[in-house]
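Asker: Before I ask anything, let me first share the structure, which is written out below as structure tokens.
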Amino acid sequence: MELQGRVAVVTGAASGIGRALSERCVAEGMSVVLADIEGDKVRGVADELAAAGGTVHAVEMDVADSDQVEALRDEAVATYGAVHLLANNAGVGSPRPNVSTSPALWRWITEVNLLGVAYGVSAFAPLMVEQGEGHIVNTASEAGLTPSPLLGAYHATKYAVVGLSESLALELNGTGVGVSCLCPELVDTLVFESTRNAPADLGLGDPPPVDIHQVEQWMQTVAMDPADVAAQVVYAVKAGRFWVLTHQSTLDRVKRRNADLEAGRVPRGVR
Ligand SMILES: NC(=O)c1ccc[n+]([C@@H]2O[C@H](COP(=O)([O-])OP(=O)(O)OC[C@H]3O[C@@H](n4cnc5c(N)ncnc54)[C@H](O)[C@@H]3O)[C@@H](O)[C@H]2O)c1
């Protein structure tokens, strides 16, 4: 898909991968609607991009609320006349034992990571099908393809986003609307401090700063620069690629999982 002169909507645009993707879309000559629950921060990012000559519009919103996702679509169309690229990117995580994950934590992670993506598809896909062109990028994760302990709620939502994206790609085939599924391994962002956006009644408080180098050791991988992820996403949109796997090691881990699956074995995990 040609991006120059087109319109992108990016959720989770105030930080990390969403911010980098917004910057990259501006560099490609797109008008960009930056959406995020962190209002001041997303307006600050938009101000920076506008000061550098970008055509951008910030929206404070919560992807877990379907009315707000529909309002985001309406605001994007009212502002720029169309939407050609939707990045369903906002997401959260909070590692803890599966056996002690509370119902409230399950609801928060599911509502943001899975329903947020589903609401994005429901709100924007019909518009794109009517236009006869567009592209939807759903951010899943390596955690949507391979298992590890202590991340059950996160895994459940990310496997679900992979399933939704595969189904959507089959369904939209021939409509002019493409689909990509982004499955990053480790990226240097604030995702490990996600609970900063958790509902107050979860009582999770402000997370301490996380040292990405410690996470690299734990995950046995190298954290990627979000700008490099954004470049891979833009390439996939232009080329019509479905899978965007940021690290070669993800494929090795998928093969290991598939071997367990074929053998009917208990998962060995990937690390
Ligand atoms: N960083 C990684 O290693 C990694 C790996 C795999 C997948 N991912 C996925 O990438 C996506 C982007 O995360 P990131 O790594 O850039 O983290 P990040 O925390 O830096 O950015 C996430 C953004 O989403 C926003 N957000 C959170 N809840 C929201 C809500 N309810 N409504 C609207 N916006 C909301 C946050 O305010 C933040 O700006 C997520 O879906 C995450 O699960 C990240």
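Labeling convention for the structure tokens: chains A, B, ... as they appear, residues from 1 per chain, ligands from 1 in order of appearance.
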Applying 10 Å and only C-alpha atoms, which residues near Val63 in chain A remain after dropping the ones on its own chain fewer than 3 positions away? List them as a VMD selection string.

Answerer: chain A and resid 11 to 12 35 to 37 60 66 to 70 72 88 to 91 111 to 120

Asker: Could you save the residues just selected, with N, CA and C atoms, as a PDB file, in the first residue's frame?

Answerer:
```pdb
ATOM      1  N   THR A  11      -2.997   3.466  18.052  1.00  0.00           N
ATOM      2  CA  THR A  11      -3.331   3.465  19.481  1.00  0.00           C
ATOM      3  C   THR A  11      -2.083   3.128  20.297  1.00  0.00           C
ATOM      4  N   GLY A  12      -2.053   3.634  21.521  1.00  0.00           N
ATOM      5  CA  GLY A  12      -0.843   3.475  22.337  1.00  0.00           C
ATOM      6  C   GLY A  12       0.292   4.308  21.767  1.00  0.00           C
ATOM      7  N   ALA A  35      -3.517   8.166  19.362  1.00  0.00           N
ATOM      8  CA  ALA A  35      -4.503   7.914  20.417  1.00  0.00           C
ATOM      9  C   ALA A  35      -3.840   7.238  21.601  1.00  0.00           C
ATOM     10  N   ASP A  36      -4.195   7.664  22.797  1.00  0.00           N
ATOM     11  CA  ASP A  36      -3.599   7.042  23.986  1.00  0.00           C
ATOM     12  C   ASP A  36      -4.415   7.412  25.221  1.00  0.00           C
ATOM     13  N   ILE A  37      -4.328   6.570  26.230  1.00  0.00           N
ATOM     14  CA  ILE A  37      -5.000   6.849  27.497  1.00  0.00           C
ATOM     15  C   ILE A  37      -4.227   7.891  28.304  1.00  0.00           C
ATOM     16  N   GLU A  60      -7.103  11.684  23.403  1.00  0.00           N
ATOM     17  CA  GLU A  60      -7.029  10.935  24.666  1.00  0.00           C
ATOM     18  C   GLU A  60      -8.221   9.995  24.711  1.00  0.00           C
ATOM     19  N   SER A  66     -15.627   0.559  23.937  1.00  0.00           N
ATOM     20  CA  SER A  66     -15.977   0.507  22.497  1.00  0.00           C
ATOM     21  C   SER A  66     -16.545   1.835  22.009  1.00  0.00           C
ATOM     22  N   ASP A  67     -17.262   2.559  22.870  1.00  0.00           N
ATOM     23  CA  ASP A  67     -17.794   3.870  22.447  1.00  0.00           C
ATOM     24  C   ASP A  67     -16.644   4.832  22.121  1.00  0.00           C
ATOM     25  N   GLN A  68     -15.583   4.774  22.944  1.00  0.00           N
ATOM     26  CA  GLN A  68     -14.444   5.673  22.705  1.00  0.00           C
ATOM     27  C   GLN A  68     -13.669   5.277  21.442  1.00  0.00           C
ATOM     28  N   VAL A  69     -13.665   3.981  21.122  1.00  0.00           N
ATOM     29  CA  VAL A  69     -12.994   3.542  19.885  1.00  0.00           C
ATOM     30  C   VAL A  69     -13.797   4.025  18.670  1.00  0.00           C
ATOM     31  N   GLU A  70     -15.113   3.939  18.747  1.00  0.00           N
ATOM     32  CA  GLU A  70     -15.942   4.446  17.640  1.00  0.00           C
ATOM     33  C   GLU A  70     -15.803   5.962  17.516  1.00  0.00           C
ATOM     34  N   LEU A  72     -13.165   7.627  18.278  1.00  0.00           N
ATOM     35  CA  LEU A  72     -11.834   7.840  17.676  1.00  0.00           C
ATOM     36  C   LEU A  72     -11.929   7.766  16.150  1.00  0.00           C
ATOM     37  N   ASN A  88      -3.679  -1.208  15.775  1.00  0.00           N
ATOM     38  CA  ASN A  88      -4.285  -1.599  17.057  1.00  0.00           C
ATOM     39  C   ASN A  88      -3.143  -2.027  17.966  1.00  0.00           C
ATOM     40  N   ASN A  89      -2.507  -1.058  18.615  1.00  0.00           N
ATOM     41  CA  ASN A  89      -1.215  -1.321  19.249  1.00  0.00           C
ATOM     42  C   ASN A  89      -1.224  -1.227  20.772  1.00  0.00           C
ATOM     43  N   ALA A  90      -2.136  -0.456  21.355  1.00  0.00           N
ATOM     44  CA  ALA A  90      -2.131  -0.276  22.816  1.00  0.00           C
ATOM     45  C   ALA A  90      -2.198  -1.638  23.509  1.00  0.00           C
ATOM     46  N   GLY A  91      -1.390  -1.810  24.542  1.00  0.00           N
ATOM     47  CA  GLY A  91      -1.418  -3.077  25.258  1.00  0.00           C
ATOM     48  C   GLY A  91      -0.750  -2.946  26.605  1.00  0.00           C
ATOM     49  N   GLU A 111      -9.497  -6.676  28.612  1.00  0.00           N
ATOM     50  CA  GLU A 111     -10.225  -5.549  28.000  1.00  0.00           C
ATOM     51  C   GLU A 111      -9.307  -4.682  27.147  1.00  0.00           C
ATOM     52  N   VAL A 112      -8.084  -4.462  27.607  1.00  0.00           N
ATOM     53  CA  VAL A 112      -7.167  -3.624  26.820  1.00  0.00           C
ATOM     54  C   VAL A 112      -6.590  -4.419  25.640  1.00  0.00           C
ATOM     55  N   ASN A 113      -6.008  -5.575  25.933  1.00  0.00           N
ATOM     56  CA  ASN A 113      -5.217  -6.278  24.907  1.00  0.00           C
ATOM     57  C   ASN A 113      -6.063  -6.987  23.851  1.00  0.00           C
ATOM     58  N   LEU A 114      -7.177  -7.586  24.284  1.00  0.00           N
ATOM     59  CA  LEU A 114      -8.005  -8.329  23.325  1.00  0.00           C
ATOM     60  C   LEU A 114      -9.195  -7.499  22.847  1.00  0.00           C
ATOM     61  N   LEU A 115     -10.020  -7.023  23.811  1.00  0.00           N
ATOM     62  CA  LEU A 115     -11.211  -6.289  23.371  1.00  0.00           C
ATOM     63  C   LEU A 115     -10.823  -4.974  22.710  1.00  0.00           C
ATOM     64  N   GLY A 116      -9.724  -4.337  23.172  1.00  0.00           N
ATOM     65  CA  GLY A 116      -9.273  -3.099  22.522  1.00  0.00           C
ATOM     66  C   GLY A 116      -9.003  -3.325  21.050  1.00  0.00           C
ATOM     67  N   VAL A 117      -8.369  -4.447  20.720  1.00  0.00           N
ATOM     68  CA  VAL A 117      -8.089  -4.780  19.314  1.00  0.00           C
ATOM     69  C   VAL A 117      -9.394  -5.125  18.584  1.00  0.00           C
ATOM     70  N   ALA A 118     -10.236  -5.916  19.249  1.00  0.00           N
ATOM     71  CA  ALA A 118     -11.502  -6.315  18.623  1.00  0.00           C
ATOM     72  C   ALA A 118     -12.372  -5.087  18.331  1.00  0.00           C
ATOM     73  N   TYR A 119     -12.433  -4.152  19.270  1.00  0.00           N
ATOM     74  CA  TYR A 119     -13.234  -2.938  19.043  1.00  0.00           C
ATOM     75  C   TYR A 119     -12.655  -2.128  17.887  1.00  0.00           C
ATOM     76  N   GLY A 120     -11.330  -2.105  17.786  1.00  0.00           N
ATOM     77  CA  GLY A 120     -10.694  -1.395  16.673  1.00  0.00           C
ATOM     78  C   GLY A 120     -11.097  -1.999  15.343  1.00  0.00           C
TER      79      GLY A 120
END
```

Asker: List the neighbours of range 38-45 of chain A out to 7 Å using only C-alpha atoms; skip same-chain residues closer than 5 positions along the sequence, and give me the result as a PDB file with N, CA and C atoms, in the first residue's frame.

Answerer:
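Resulting contents of result.pdb:
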```
ATOM      1  N   ALA A  13      -0.055   5.502  21.245  1.00  0.00           N
ATOM      2  CA  ALA A  13       0.909   6.309  20.483  1.00  0.00           C
ATOM      3  C   ALA A  13       1.793   7.191  21.357  1.00  0.00           C
ATOM      4  N   ALA A  14       1.544   7.200  22.668  1.00  0.00           N
ATOM      5  CA  ALA A  14       2.313   8.102  23.534  1.00  0.00           C
ATOM      6  C   ALA A  14       3.678   7.537  23.900  1.00  0.00           C
ATOM      7  N   ALA A  58      -3.918  14.580  18.187  1.00  0.00           N
ATOM      8  CA  ALA A  58      -3.884  13.717  19.377  1.00  0.00           C
ATOM      9  C   ALA A  58      -5.291  13.504  19.935  1.00  0.00           C
ATOM     10  N   GLU A  60      -7.103  11.684  23.403  1.00  0.00           N
ATOM     11  CA  GLU A  60      -7.029  10.935  24.666  1.00  0.00           C
ATOM     12  C   GLU A  60      -8.221   9.995  24.711  1.00  0.00           C
TER      13      GLU A  60
END
```

Asker: Skipping near chain neighbours, those fewer than 2 positions away, what residues fall within 9 Å of Pro149 in chain A using only C-alpha atoms, listed as a ChimeraX atom specification?

Answerer: /A:95-98,147,151-152,269

Asker: Point out the residue among A:Thr189, A:Ser31, A:Ser165, A:Ser122 with the least atom-to-atom distance to ligand 1, counting only C-alpha atoms and all ligand atoms.

Answerer: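 Nearest candidate to ligand 1 out of A:Thr189, A:Ser31, A:Ser165, A:Ser122: A:Thr189.
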
Asker: Between atom 7 (C, counted along the ligand's line) of ligand 1 and CA of Ser100 in chain A, measure the distance and give it in Å to one decimal.

Answerer: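 These atoms are spaced 22.7 Å apart.
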
Asker: Which residue, A:Val33, A:Met224, A:Val191, A:Leu150, has the smallest gap to Ala78 in chain A when you use only C-alpha atoms?

Answerer: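 The closest residue to Ala78 in chain A is A:Val33.
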